[in-house]
>>> print(open('data.cif').read())   # mmCIF, C-alpha atoms and all ligand atoms
data_final
#
loop_
_atom_site.label_atom_id
_atom_site.label_comp_id
_atom_site.auth_asym_id
_atom_site.auth_seq_id
_atom_site.Cartn_x
_atom_site.Cartn_y
_atom_site.Cartn_z
CA MET A 24 103.23 -166.52 27.60
CA ILE A 25 102.02 -163.39 25.84
CA TYR A 26 101.32 -163.98 22.16
CA LEU A 27 101.74 -160.86 20.04
CA ASP A 28 102.45 -162.43 16.66
CA ASN A 29 99.00 -162.88 15.16
CA ALA A 30 100.17 -161.77 11.71
CA ALA A 31 102.38 -164.88 11.63
CA THR A 32 99.58 -167.18 12.68
CA THR A 33 96.68 -167.36 15.14
CA GLN A 34 95.36 -169.84 17.65
CA VAL A 35 92.59 -171.99 16.18
CA SER A 36 89.31 -170.99 17.83
CA GLU A 37 87.55 -173.50 20.10
CA LYS A 38 84.53 -173.46 17.83
CA ALA A 39 86.62 -174.28 14.77
CA VAL A 40 88.41 -177.13 16.57
CA ARG A 41 85.11 -178.62 17.73
CA ALA A 42 83.65 -178.42 14.22
CA MET A 43 86.72 -180.06 12.68
CA LEU A 44 87.06 -183.05 15.02
CA PRO A 45 84.28 -185.26 13.58
CA TYR A 46 85.82 -184.95 10.12
CA MET A 47 89.04 -186.43 11.46
CA ASN A 48 87.42 -189.42 13.12
CA CYS A 49 83.88 -190.64 12.38
CA LYS A 50 83.07 -188.53 9.28
CA TYR A 51 86.16 -189.45 7.30
CA GLY A 52 84.55 -190.15 3.93
CA ASN A 53 86.15 -188.98 0.71
CA PRO A 54 83.78 -186.30 -0.63
CA SER A 55 84.14 -187.73 -4.14
CA SER A 56 82.70 -191.14 -3.16
CA ILE A 57 79.03 -191.93 -3.54
CA TYR A 58 77.86 -193.46 -0.22
CA GLU A 59 76.31 -191.59 2.66
CA LEU A 60 79.57 -191.22 4.63
CA ALA A 61 80.93 -189.26 1.68
CA GLU A 62 77.83 -187.07 1.57
CA HIS A 63 78.65 -185.72 5.05
CA SER A 64 82.02 -184.53 3.80
CA LYS A 65 80.58 -183.10 0.61
CA HIS A 66 77.91 -181.14 2.48
CA ALA A 67 80.45 -179.90 5.00
CA ILE A 68 82.61 -178.47 2.21
CA GLU A 69 79.65 -176.75 0.57
CA HIS A 70 78.57 -175.25 3.89
CA ALA A 71 82.10 -173.93 4.48
CA ARG A 72 82.16 -172.49 0.97
CA LYS A 73 79.06 -170.45 1.82
CA GLN A 74 80.59 -169.26 5.11
CA VAL A 75 83.80 -168.17 3.39
CA ALA A 76 82.03 -166.51 0.44
CA GLN A 77 79.90 -164.36 2.79
CA VAL A 78 82.97 -162.66 4.27
CA ILE A 79 83.71 -160.86 0.99
CA GLY A 80 80.25 -160.78 -0.58
CA ALA A 81 81.11 -163.48 -3.14
CA LYS A 82 79.01 -166.26 -4.61
CA GLU A 83 79.69 -169.77 -3.34
CA LYS A 84 80.81 -170.97 -6.75
CA GLU A 85 83.44 -168.22 -6.84
CA ILE A 86 85.37 -169.77 -3.91
CA TYR A 87 88.03 -172.42 -4.61
CA PHE A 88 89.69 -174.04 -1.62
CA THR A 89 93.49 -174.29 -1.71
CA SER A 90 96.29 -175.18 0.70
CA GLY A 91 96.60 -171.56 1.84
CA GLY A 92 97.63 -168.05 0.93
CA SER A 93 100.85 -169.00 -0.82
CA GLU A 94 99.16 -171.44 -3.18
CA SER A 95 96.39 -168.96 -3.95
CA ASP A 96 98.93 -166.24 -4.77
CA ASN A 97 100.98 -168.58 -6.97
CA TRP A 98 97.90 -169.87 -8.72
CA ALA A 99 96.41 -166.44 -9.46
CA LEU A 100 99.56 -164.94 -10.97
CA MET A 101 100.70 -168.02 -12.86
CA ALA A 102 97.29 -168.71 -14.37
CA VAL A 103 96.67 -165.10 -15.41
CA MET A 104 100.13 -164.31 -16.76
CA LEU A 105 100.91 -167.62 -18.47
CA ASP A 106 97.50 -167.79 -20.16
CA PRO A 107 98.09 -167.72 -23.93
CA LYS A 108 94.92 -165.61 -24.24
CA ALA A 109 96.19 -162.99 -21.77
CA LYS A 110 95.86 -159.37 -22.84
CA GLY A 111 99.64 -159.05 -22.67
CA ARG A 112 102.75 -160.09 -20.81
CA HIS A 113 103.08 -157.16 -18.41
CA LEU A 114 102.18 -157.36 -14.72
CA ILE A 115 102.04 -154.55 -12.17
CA THR A 116 102.62 -155.23 -8.48
CA SER A 117 104.26 -153.44 -5.55
CA LYS A 118 107.61 -153.64 -3.81
CA ILE A 119 106.01 -154.60 -0.50
CA GLU A 120 104.13 -157.74 -1.47
CA HIS A 121 104.48 -161.02 0.41
CA PRO A 122 107.22 -163.37 -0.88
CA ALA A 123 104.47 -165.63 -2.27
CA ILE A 124 103.83 -162.85 -4.79
CA LEU A 125 107.36 -161.49 -5.22
CA LYS A 126 108.96 -164.89 -5.80
CA THR A 127 106.23 -165.87 -8.24
CA CYS A 128 106.95 -162.61 -10.07
CA SER A 129 110.66 -163.52 -10.31
CA TYR A 130 109.69 -166.93 -11.67
CA LEU A 131 107.44 -165.27 -14.25
CA GLU A 132 110.19 -162.81 -15.20
CA GLU A 133 112.44 -165.77 -16.02
CA ARG A 134 109.69 -166.87 -18.39
CA GLY A 135 109.51 -163.59 -20.27
CA ILE A 136 106.88 -161.74 -18.26
CA ASP A 137 107.60 -158.06 -17.65
CA VAL A 138 106.92 -156.95 -14.07
CA THR A 139 106.64 -153.39 -12.75
CA TYR A 140 107.16 -153.07 -8.99
CA LEU A 141 105.46 -149.94 -7.66
CA ASP A 142 107.13 -147.88 -4.93
CA ILE A 143 105.37 -146.93 -1.74
CA ASP A 144 105.33 -143.52 -0.08
CA GLU A 145 106.68 -142.85 3.42
CA GLN A 146 103.30 -143.87 4.89
CA GLY A 147 103.39 -147.25 3.12
CA PHE A 148 100.86 -146.64 0.33
CA ILE A 149 101.26 -147.14 -3.40
CA ARG A 150 100.71 -143.98 -5.44
CA LEU A 151 97.66 -144.23 -7.70
CA GLU A 152 99.18 -141.85 -10.28
CA GLN A 153 102.25 -144.07 -10.48
CA LEU A 154 99.99 -147.10 -10.95
CA GLU A 155 98.08 -145.41 -13.74
CA ARG A 156 101.30 -144.27 -15.44
CA ALA A 157 102.68 -147.83 -15.30
CA ILE A 158 99.79 -149.23 -17.35
CA ARG A 159 100.79 -150.14 -20.92
CA PRO A 160 98.89 -151.61 -23.86
CA ASP A 161 100.31 -155.04 -22.98
CA THR A 162 99.43 -154.88 -19.26
CA ALA A 163 97.28 -157.84 -18.25
CA CYS A 164 97.03 -157.70 -14.50
CA ILE A 165 97.47 -155.63 -11.34
CA SER A 166 98.30 -157.51 -8.14
CA ILE A 167 98.34 -155.32 -5.03
CA MET A 168 97.86 -156.64 -1.51
CA THR A 169 94.88 -155.45 0.53
CA ALA A 170 96.89 -155.06 3.74
CA ASN A 171 100.58 -155.49 4.40
CA ASN A 172 101.73 -158.23 6.75
CA GLU A 173 104.63 -156.26 8.24
CA ILE A 174 103.33 -152.72 8.67
CA GLY A 175 99.58 -153.34 8.41
CA THR A 176 98.92 -150.54 5.92
CA ILE A 177 95.69 -150.92 3.96
CA GLN A 178 96.00 -150.08 0.27
CA PRO A 179 93.30 -148.10 -1.60
CA ILE A 180 91.83 -151.23 -3.17
CA TYR A 181 88.57 -149.55 -4.20
CA GLU A 182 90.51 -146.98 -6.26
CA ILE A 183 92.83 -149.68 -7.66
CA GLY A 184 89.76 -151.68 -8.69
CA GLN A 185 88.36 -148.64 -10.51
CA ILE A 186 91.63 -148.14 -12.39
CA ALA A 187 91.67 -151.84 -13.32
CA LYS A 188 88.09 -151.54 -14.57
CA ARG A 189 88.82 -148.46 -16.66
CA HIS A 190 91.76 -150.16 -18.36
CA LYS A 191 90.09 -153.61 -18.57
CA LEU A 192 92.78 -155.28 -16.44
CA ILE A 193 92.51 -158.23 -14.11
CA PHE A 194 92.83 -157.17 -10.47
CA HIS A 195 94.24 -159.66 -7.97
CA THR A 196 94.66 -158.85 -4.30
CA ASP A 197 96.48 -160.80 -1.61
CA ALA A 198 94.00 -160.27 1.20
CA VAL A 199 95.49 -162.81 3.58
CA GLN A 200 96.01 -160.24 6.35
CA ALA A 201 92.74 -158.44 5.72
CA PHE A 202 90.23 -161.25 5.13
CA GLY A 203 87.88 -161.47 8.12
CA HIS A 204 89.66 -158.54 9.78
CA ILE A 205 88.32 -155.58 7.79
CA PRO A 206 85.26 -155.36 5.52
CA ILE A 207 85.96 -156.23 1.87
CA SER A 208 83.45 -156.34 -0.96
CA VAL A 209 84.81 -158.03 -4.07
CA LYS A 210 81.95 -156.64 -6.14
CA GLU A 211 82.29 -153.00 -5.06
CA CYS A 212 86.06 -153.07 -5.38
CA ASN A 213 85.99 -154.79 -8.77
CA ILE A 214 88.27 -157.57 -7.52
CA HIS A 215 88.68 -160.48 -9.93
CA LEU A 216 90.93 -162.65 -7.79
CA LEU A 217 91.49 -162.63 -4.03
CA SER A 218 93.73 -164.82 -1.86
CA ALA A 219 92.87 -165.72 1.74
CA SER A 220 94.25 -168.10 4.35
CA ALA A 221 92.50 -169.72 7.32
CA HIS A 222 95.34 -169.65 9.83
CA LYS A 223 95.45 -165.84 9.88
CA LEU A 224 91.90 -165.66 11.25
CA HIS A 225 91.81 -168.35 13.95
CA GLY A 226 91.36 -171.19 11.50
CA PRO A 227 93.69 -174.14 10.86
CA LYS A 228 96.96 -174.07 8.92
CA GLY A 229 97.28 -175.48 5.42
CA VAL A 230 93.96 -174.29 4.06
CA GLY A 231 92.86 -171.15 2.27
CA CYS A 232 91.02 -170.09 -0.82
CA LEU A 233 91.18 -168.19 -4.05
CA TYR A 234 88.12 -166.16 -4.97
CA VAL A 235 87.71 -166.18 -8.75
CA GLN A 236 85.12 -163.84 -10.20
CA GLU A 237 82.41 -165.67 -12.10
CA GLY A 238 83.18 -165.78 -15.80
CA LEU A 239 86.95 -165.48 -15.42
CA GLU A 240 88.54 -168.55 -16.99
CA LEU A 241 91.50 -169.67 -14.89
CA SER A 242 93.55 -172.76 -15.69
CA PRO A 243 94.40 -174.92 -12.68
CA LEU A 244 97.74 -174.91 -10.88
CA ILE A 245 97.27 -178.44 -9.50
CA ARG A 246 96.03 -180.94 -12.06
CA GLY A 247 94.52 -184.34 -11.38
CA GLY A 248 91.07 -185.24 -10.10
CA GLY A 249 87.93 -183.24 -10.69
CA GLN A 250 87.72 -181.58 -7.27
CA GLU A 251 86.82 -177.90 -6.93
CA SER A 252 85.04 -177.83 -10.31
CA GLU A 253 88.14 -179.24 -12.02
CA LYS A 254 90.13 -176.18 -10.96
CA ARG A 255 92.10 -177.58 -8.03
CA ALA A 256 92.79 -181.29 -7.96
CA GLY A 257 93.49 -183.33 -4.85
CA THR A 258 91.24 -184.89 -2.22
CA GLU A 259 89.90 -182.01 -0.19
CA ASN A 260 91.29 -181.14 3.24
CA VAL A 261 87.82 -181.66 4.72
CA PRO A 262 88.60 -180.91 8.41
CA GLY A 263 90.68 -177.92 7.38
CA ILE A 264 87.96 -176.55 5.12
CA VAL A 265 85.34 -177.02 7.86
CA GLY A 266 87.60 -175.16 10.32
CA PHE A 267 88.15 -172.39 7.80
CA GLY A 268 84.38 -172.04 7.30
CA VAL A 269 83.68 -171.73 11.01
CA ALA A 270 86.57 -169.31 11.58
CA ALA A 271 85.40 -167.20 8.62
CA GLU A 272 81.85 -167.02 9.93
CA GLU A 273 83.01 -166.07 13.43
CA ALA A 274 85.32 -163.42 12.00
CA ARG A 275 82.51 -161.95 9.91
CA LYS A 276 80.00 -161.91 12.76
CA HIS A 277 82.38 -160.38 15.29
CA MET A 278 84.44 -158.19 12.95
CA PHE A 279 83.31 -154.88 14.39
CA GLU A 280 83.68 -155.75 18.07
CA ASN A 281 86.96 -157.60 17.51
CA SER A 282 88.50 -154.75 15.61
CA ARG A 283 87.31 -152.23 18.20
CA ALA A 284 88.78 -154.29 21.03
CA THR A 285 92.13 -154.93 19.34
CA MET A 286 92.41 -151.34 18.16
CA ARG A 287 91.85 -150.07 21.68
CA LEU A 288 94.62 -152.32 23.02
CA ARG A 289 96.92 -151.57 20.11
CA ASN A 290 96.50 -147.81 20.52
CA TYR A 291 97.16 -148.07 24.25
CA LEU A 292 100.35 -150.05 23.58
CA MET A 293 101.42 -147.66 20.84
CA LYS A 294 100.86 -144.51 22.91
CA ARG A 295 102.65 -145.80 25.98
CA ILE A 296 105.65 -146.97 23.99
CA LEU A 297 105.89 -143.65 22.14
CA TRP A 298 105.62 -141.70 25.40
CA GLU A 299 107.79 -143.85 27.59
CA ILE A 300 110.65 -144.90 25.30
CA PRO A 301 112.78 -142.26 23.57
CA TYR A 302 114.05 -142.55 19.98
CA VAL A 303 111.32 -144.78 18.63
CA ARG A 304 109.25 -144.47 15.47
CA ILE A 305 106.15 -146.14 14.08
CA ASN A 306 106.60 -147.66 10.63
CA GLY A 307 103.69 -147.12 8.26
CA SER A 308 100.58 -144.98 8.46
CA THR A 309 98.79 -144.84 11.80
CA LYS A 310 95.46 -144.26 10.06
CA MET A 311 94.77 -146.71 7.22
CA ARG A 312 96.17 -149.64 9.10
CA LEU A 313 94.97 -153.04 10.29
CA PRO A 314 93.48 -152.66 13.77
CA ASN A 315 95.80 -155.25 15.29
CA ASN A 316 99.16 -154.22 13.85
CA VAL A 317 101.91 -151.97 15.13
CA ASN A 318 105.50 -151.85 13.89
CA PHE A 319 108.20 -149.89 15.73
CA SER A 320 111.84 -149.11 15.09
CA PHE A 321 113.89 -148.51 18.23
CA GLN A 322 116.97 -146.51 17.32
CA PHE A 323 120.34 -147.99 18.43
CA ILE A 324 119.14 -151.54 18.93
CA ASN A 325 118.95 -154.69 16.87
CA GLY A 326 115.41 -156.05 16.48
CA GLU A 327 116.52 -159.68 16.49
CA SER A 328 118.33 -159.19 19.81
CA LEU A 329 115.23 -157.59 21.28
CA LEU A 330 113.12 -160.52 20.06
CA ILE A 331 115.40 -163.04 21.71
CA LEU A 332 115.29 -161.17 25.02
CA LEU A 333 111.51 -160.87 24.83
CA ASP A 334 111.19 -164.55 23.96
CA SER A 335 113.21 -165.48 27.06
CA GLU A 336 110.56 -163.58 29.05
CA GLY A 337 107.64 -165.33 27.37
CA ILE A 338 106.69 -162.69 24.81
CA CYS A 339 106.17 -163.83 21.22
CA ALA A 340 106.72 -161.03 18.72
CA SER A 341 108.41 -160.59 15.40
CA ALA A 342 111.08 -158.44 13.82
CA ALA A 343 109.30 -157.18 10.73
CA SER A 344 108.22 -160.54 9.35
CA ALA A 345 108.43 -164.22 10.09
CA CYS A 346 109.33 -164.65 6.44
CA HIS A 347 112.65 -162.88 6.99
CA THR A 348 113.73 -164.71 10.11
CA GLY A 349 117.09 -166.31 9.55
CA SER A 350 117.88 -164.14 6.57
CA ALA A 351 120.56 -161.52 6.97
CA LYS A 352 118.76 -158.98 4.81
CA PRO A 353 116.65 -156.19 6.27
CA SER A 354 112.93 -156.27 5.52
CA HIS A 355 112.11 -155.31 1.91
CA VAL A 356 109.00 -153.55 3.21
CA LEU A 357 110.88 -151.31 5.65
CA MET A 358 113.53 -150.56 3.02
CA ALA A 359 110.76 -149.63 0.55
CA LEU A 360 109.40 -147.22 3.18
CA GLY A 361 112.74 -145.44 2.88
CA LEU A 362 114.10 -146.35 6.30
CA PRO A 363 117.85 -146.22 6.75
CA GLU A 364 119.21 -149.76 7.08
CA GLU A 365 119.94 -149.43 10.80
CA LEU A 366 116.30 -148.54 11.51
CA ALA A 367 115.10 -151.40 9.31
CA TYR A 368 117.18 -153.73 11.49
CA ALA A 369 115.78 -152.09 14.63
CA SER A 370 112.17 -153.07 14.10
CA LEU A 371 109.66 -154.88 16.25
CA ARG A 372 106.26 -155.98 14.96
CA LEU A 373 103.48 -156.63 17.45
CA THR A 374 100.22 -158.07 16.12
CA LEU A 375 97.34 -158.51 18.54
CA SER A 376 94.16 -160.52 18.65
CA ALA A 377 90.88 -159.84 20.42
CA ASP A 378 91.96 -162.44 22.98
CA ASN A 379 94.75 -160.22 24.32
CA THR A 380 94.18 -158.25 27.54
CA LYS A 381 95.24 -154.89 28.93
CA GLU A 382 97.29 -156.69 31.60
CA GLU A 383 99.24 -158.39 28.84
CA MET A 384 99.86 -155.01 27.20
CA ASP A 385 101.16 -153.58 30.48
CA MET A 386 103.50 -156.53 30.97
CA ALA A 387 104.72 -156.41 27.38
CA ILE A 388 105.35 -152.65 27.58
CA GLU A 389 107.45 -153.05 30.75
CA ARG A 390 109.49 -155.87 29.22
CA ILE A 391 110.04 -153.90 26.02
CA LYS A 392 111.13 -150.82 27.99
CA GLU A 393 113.60 -152.76 30.11
CA ASN A 394 115.09 -154.65 27.21
CA VAL A 395 115.37 -151.67 24.88
CA GLU A 396 117.22 -149.85 27.65
CA LYS A 397 119.44 -152.85 28.29
CA LEU A 398 120.35 -153.18 24.61
CA ARG A 399 121.02 -149.45 24.30
CA GLU A 400 123.37 -149.55 27.27
CA MET A 401 125.42 -152.09 25.34
CA SER A 402 125.35 -150.11 22.10
CA PRO A 403 128.51 -148.13 21.28
CA ASP A 404 126.49 -145.94 18.87
CA PHE A 405 124.13 -145.04 21.66
CA ALA A 406 127.03 -144.22 24.00
CA ASP A 407 128.48 -141.85 21.36
CA PHE A 408 125.08 -140.35 20.75
CA SER A 409 124.33 -139.74 24.44
CA CYS A 410 127.75 -138.23 24.86
CA GLU A 411 127.11 -135.77 22.02
CA GLN A 412 123.71 -134.92 23.45
CA GLY A 413 125.32 -134.34 26.84
CA LYS A 414 127.79 -131.88 25.31
CA ASN A 415 124.89 -129.97 23.80
CA GLY A 416 123.33 -129.67 27.19
CA LEU A 417 120.64 -132.27 26.48
CA SER A 418 120.43 -135.39 28.50
CA TYR A 419 118.93 -138.73 27.71
CA LYS A 420 115.61 -138.93 29.61
C1 LIG A 501 100.68 -165.39 5.66
C2 LIG A 501 100.59 -164.67 4.38
C3 LIG A 501 100.63 -165.38 3.16
C4 LIG A 501 100.86 -166.85 3.09
O1 LIG A 501 99.76 -167.59 3.54
P1 LIG A 501 99.96 -169.13 3.92
O2 LIG A 501 98.57 -169.62 4.15
O3 LIG A 501 100.80 -169.16 5.15
O4 LIG A 501 100.62 -169.78 2.76
C5 LIG A 501 100.50 -164.65 1.99
N1 LIG A 501 100.33 -163.32 2.01
C6 LIG A 501 100.27 -162.62 3.15
C7 LIG A 501 100.05 -161.14 3.11
C8 LIG A 501 100.41 -163.27 4.38
O5 LIG A 501 100.37 -162.56 5.49
#
>>> encode(input="data.cif", output="structure tokens", more="lines below")
Ligand SMILES: *Cc1c(COP(=O)(O)O)cnc(C)c1O
Amino acid sequence: MIYLDNAATTQVSEKAVRAMLPYMNCKYGNPSSIYELAEHSKHAIEHARKQVAQVIGAKEKEIYFTSGGSESDNWALMAVMLDPKAKGRHLITSKIEHPAILKTCSYLEERGIDVTYLDIDEQGFIRLEQLERAIRPDTACISIMTANNEIGTIQPIYEIGQIAKRHKLIFHTDAVQAFGHIPISVKECNIHLLSASAHKLHGPKGVGCLYVQEGLELSPLIRGGGQESEKRAGTENVPGIVGFGVAAEEARKHMFENSRATMRLRNYLMKRILWEIPYVRINGSTKMRLPNNVNFSFQFINGESLLILLDSEGICASAASACHTGSAKPSHVLMALGLPEELAYASLRLTLSADNTKEEMDMAIERIKENVEKLREMSPDFADFSCEQGKNGLSYK
């Protein structure tokens, strides 16, 4: 099997698994209890909090553990926008956010919140002038993702943070794809709220965090016990949090070498596909982009069909986004890029990890080449197109 879907989830690292195991068997105490067994759990959580905080230059007390990226996104937007003391009832976000943001925005709109959805340019970036123009006296918050999960583009979060500062707005960023993958400083970027998730950086599923800048009063989303400084009730997912901490520390320590290794493989894959397969395009900027992400559109084919063929040959990839699988609609991100619908349906997203090898890239490239050709042979549009080209004296290949 060749796994090229690391934006959907990652394999839990050996180190994280080993660290988690004791908290599932012998060290099972509830961190809220008072005996020594409970102390182990309590200390483990506080150690993990430090490990996670270090990734983004935060203080330990600014990290609140949650069940993952979706909860953190829901919590941030709901708490900020439904706060009776909010500066206003207007929120600015972008058209290419994750559904955890976009569906929370729809929910908020039903409750009288006004939401502006910023466009992106043909490279996949929001326009800062458009952001600044969208700000109104009743704007309370800007929520723009750090890096996109489908096309990997990295937004200018430093500049967005400066705009938020100038207008005294709360800045939230969904950094689930970026956390532990690229350097982020919450202080330098003036980020008030940041969502992260463990399973996107070789940690376990079902655990993540929300960074909340010190001094920002946020009401809880989950009410109950006093866990997480009364901000997030529920007995802590101790093994999950421990795994998250270890994965976060590993990601921070090896960020540079991991990103260099994955970028080298990704660029090799990208170049060979562009050279060896005709009628293909890269979606999103090739510069400000996550090191492990590439997103193609192969003209005249259906991305889902390509995925199924690749899967039958042991290659795990994705058409645009796991979140769209099973839905008949083309990706909202690719449509926002301005792609014609047929190219939005013709996409293939490959997301690498530092564990991938050049041999795997070579195998994947060959399989993609064969299957794209196979699907094009069956495509009536491609037959028409080749015929036209032939008449003009051009030939395919
Ligand atoms: C995966 C992802 C999420 C959701 O995180 P979960 O931990 O799976 O809930 C949110 N935003 C982005 C950008 C993601 O890639």
>>> closest_residue(input="data.cif", among="A:Pro45, A:Gly135, A:Gly229, A:Pro179", to="ligand LIG 501 (chain A)", atoms="only C-alpha atoms and all ligand atoms")
A:Gly229
>>> closest_atom_pairs(input="data.cif", of="chain A", to="ligand LIG 501 (chain A)", cutoff="6 Å", atoms="only C-alpha atoms and all ligand atoms", output="Markdown table")
| residue | atom | partner | partner_atom | distance |
| --- | --- | --- | --- | --- |
| A:Gly91 | CA | A:LIG501 | O2 | 3.6 |
| A:Gly92 | CA | A:LIG501 | O1 | 3.4 |
| A:Ser93 | CA | A:LIG501 | O4 | 3.7 |
| A:His121 | CA | A:LIG501 | N1 | 5.0 |
| A:Ala123 | CA | A:LIG501 | C5 | 5.9 |
| A:Asn171 | CA | A:LIG501 | C7 | 5.8 |
| A:Asn172 | CA | A:LIG501 | O5 | 4.7 |
| A:Asp197 | CA | A:LIG501 | N1 | 5.9 |
| A:Val199 | CA | A:LIG501 | C6 | 4.8 |
| A:Gln200 | CA | A:LIG501 | O5 | 5.0 |
| A:Ser220 | CA | A:LIG501 | O2 | 4.6 |
>>> closest_residue(input="data.cif", among="A:Ile174, A:Ile186, A:Ile193, A:Leu125", to="His113 in chain A", atoms="all atoms listed in the file")
A:Ile193
>>> residues_around(input="data.cif", residues="range 280-293 of chain A", least_positions_apart="6", cutoff="8 Å", atoms="all atoms listed in the file", output="ChimeraX atom specification")
/A:204-205,314-317,375-377,379-381,384-385,388
>>> residues_around(input="data.cif", residues="range 24-40 of chain A", least_positions_apart="6", cutoff="7 Å", atoms="only C-alpha atoms", output="PyMOL selection string")
chain A and resi 172+200+222-227+266+269-270+337-341+345+373-376+383
>>> closest_residue(input="data.cif", among="A:Ala61, A:Ile214, A:Leu105, A:Val138", to="Thr258 in chain A", atoms="only C-alpha atoms")
A:Ala61
>>> atom_distance(input="data.cif", atom1="CA of Ala81 in chain A", atom2="CA of Ser95 in chain A")
16.3 Å
>>> atom_distance(input="data.cif", atom1="CA of Leu244 in chain A", atom2="CA of Trp98 in chain A")
5.5 Å
>>> closest_residue(input="data.cif", among="A:Thr196, A:Ala67, A:Pro160, A:Val75", to="Ile124 in chain A", atoms="all atoms listed in the file")
A:Thr196
>>> atom_distance(input="data.cif", atom1="CA of Glu251 in chain A", atom2="CA of Lys108 in chain A")
22.7 Å
>>> closest_residue(input="data.cif", among="A:Ile183, A:Ile296, A:Ala221, A:Met168", to="Glu152 in chain A", atoms="only C-alpha atoms")
A:Ile183
>>> closest_residue(input="data.cif", among="A:Leu141, A:Ala170, A:Leu239, A:Ile68", to="Arg156 in chain A", atoms="only C-alpha atoms")
A:Leu141
>>> residues_around(input="data.cif", residues="Glu253 in chain A", least_positions_apart="3", cutoff="12 Å", atoms="all atoms listed in the file", output="PyMOL selection string")
chain A and resi 87-88+240-250+256-258
>>> write_last_selection(input="data.cif", atoms="C-alpha atoms", output="mmCIF file, in the coordinates of the input")
data_model
loop_
_atom_site.group_PDB
_atom_site.id
_atom_site.type_symbol
_atom_site.label_atom_id
_atom_site.label_comp_id
_atom_site.auth_asym_id
_atom_site.auth_seq_id
_atom_site.Cartn_x
_atom_site.Cartn_y
_atom_site.Cartn_z
ATOM 1 C CA TYR A 87 88.030 -172.420 -4.610
ATOM 2 C CA PHE A 88 89.690 -174.040 -1.620
ATOM 3 C CA GLU A 240 88.540 -168.550 -16.990
ATOM 4 C CA LEU A 241 91.500 -169.670 -14.890
ATOM 5 C CA SER A 242 93.550 -172.760 -15.690
ATOM 6 C CA PRO A 243 94.400 -174.920 -12.680
ATOM 7 C CA LEU A 244 97.740 -174.910 -10.880
ATOM 8 C CA ILE A 245 97.270 -178.440 -9.500
ATOM 9 C CA ARG A 246 96.030 -180.940 -12.060
ATOM 10 C CA GLY A 247 94.520 -184.340 -11.380
ATOM 11 C CA GLY A 248 91.070 -185.240 -10.100
ATOM 12 C CA GLY A 249 87.930 -183.240 -10.690
ATOM 13 C CA GLN A 250 87.720 -181.580 -7.270
ATOM 14 C CA ALA A 256 92.790 -181.290 -7.960
ATOM 15 C CA GLY A 257 93.490 -183.330 -4.850
ATOM 16 C CA THR A 258 91.240 -184.890 -2.220
#
>>> decode(input="data.cif", residues="range 126-137 of chain A", atoms="C-alpha atoms", output="PDB file, in the first residue's frame")
ATOM      1  CA  LYS A 126     -21.285  24.958   8.693  1.00  0.00           C
ATOM      2  CA  THR A 127     -20.814  26.779  11.984  1.00  0.00           C
ATOM      3  CA  CYS A 128     -21.132  30.029  10.017  1.00  0.00           C
ATOM      4  CA  SER A 129     -24.443  28.837   8.509  1.00  0.00           C
ATOM      5  CA  TYR A 130     -25.659  27.962  11.999  1.00  0.00           C
ATOM      6  CA  LEU A 131     -24.664  31.423  13.228  1.00  0.00           C
ATOM      7  CA  GLU A 132     -26.376  33.072  10.246  1.00  0.00           C
ATOM      8  CA  GLU A 133     -29.622  31.364  11.268  1.00  0.00           C
ATOM      9  CA  ARG A 134     -29.154  33.069  14.625  1.00  0.00           C
ATOM     10  CA  GLY A 135     -28.792  36.556  13.205  1.00  0.00           C
ATOM     11  CA  ILE A 136     -25.035  36.755  12.706  1.00  0.00           C
ATOM     12  CA  ASP A 137     -23.921  38.417   9.479  1.00  0.00           C
TER      13      ASP A 137
END
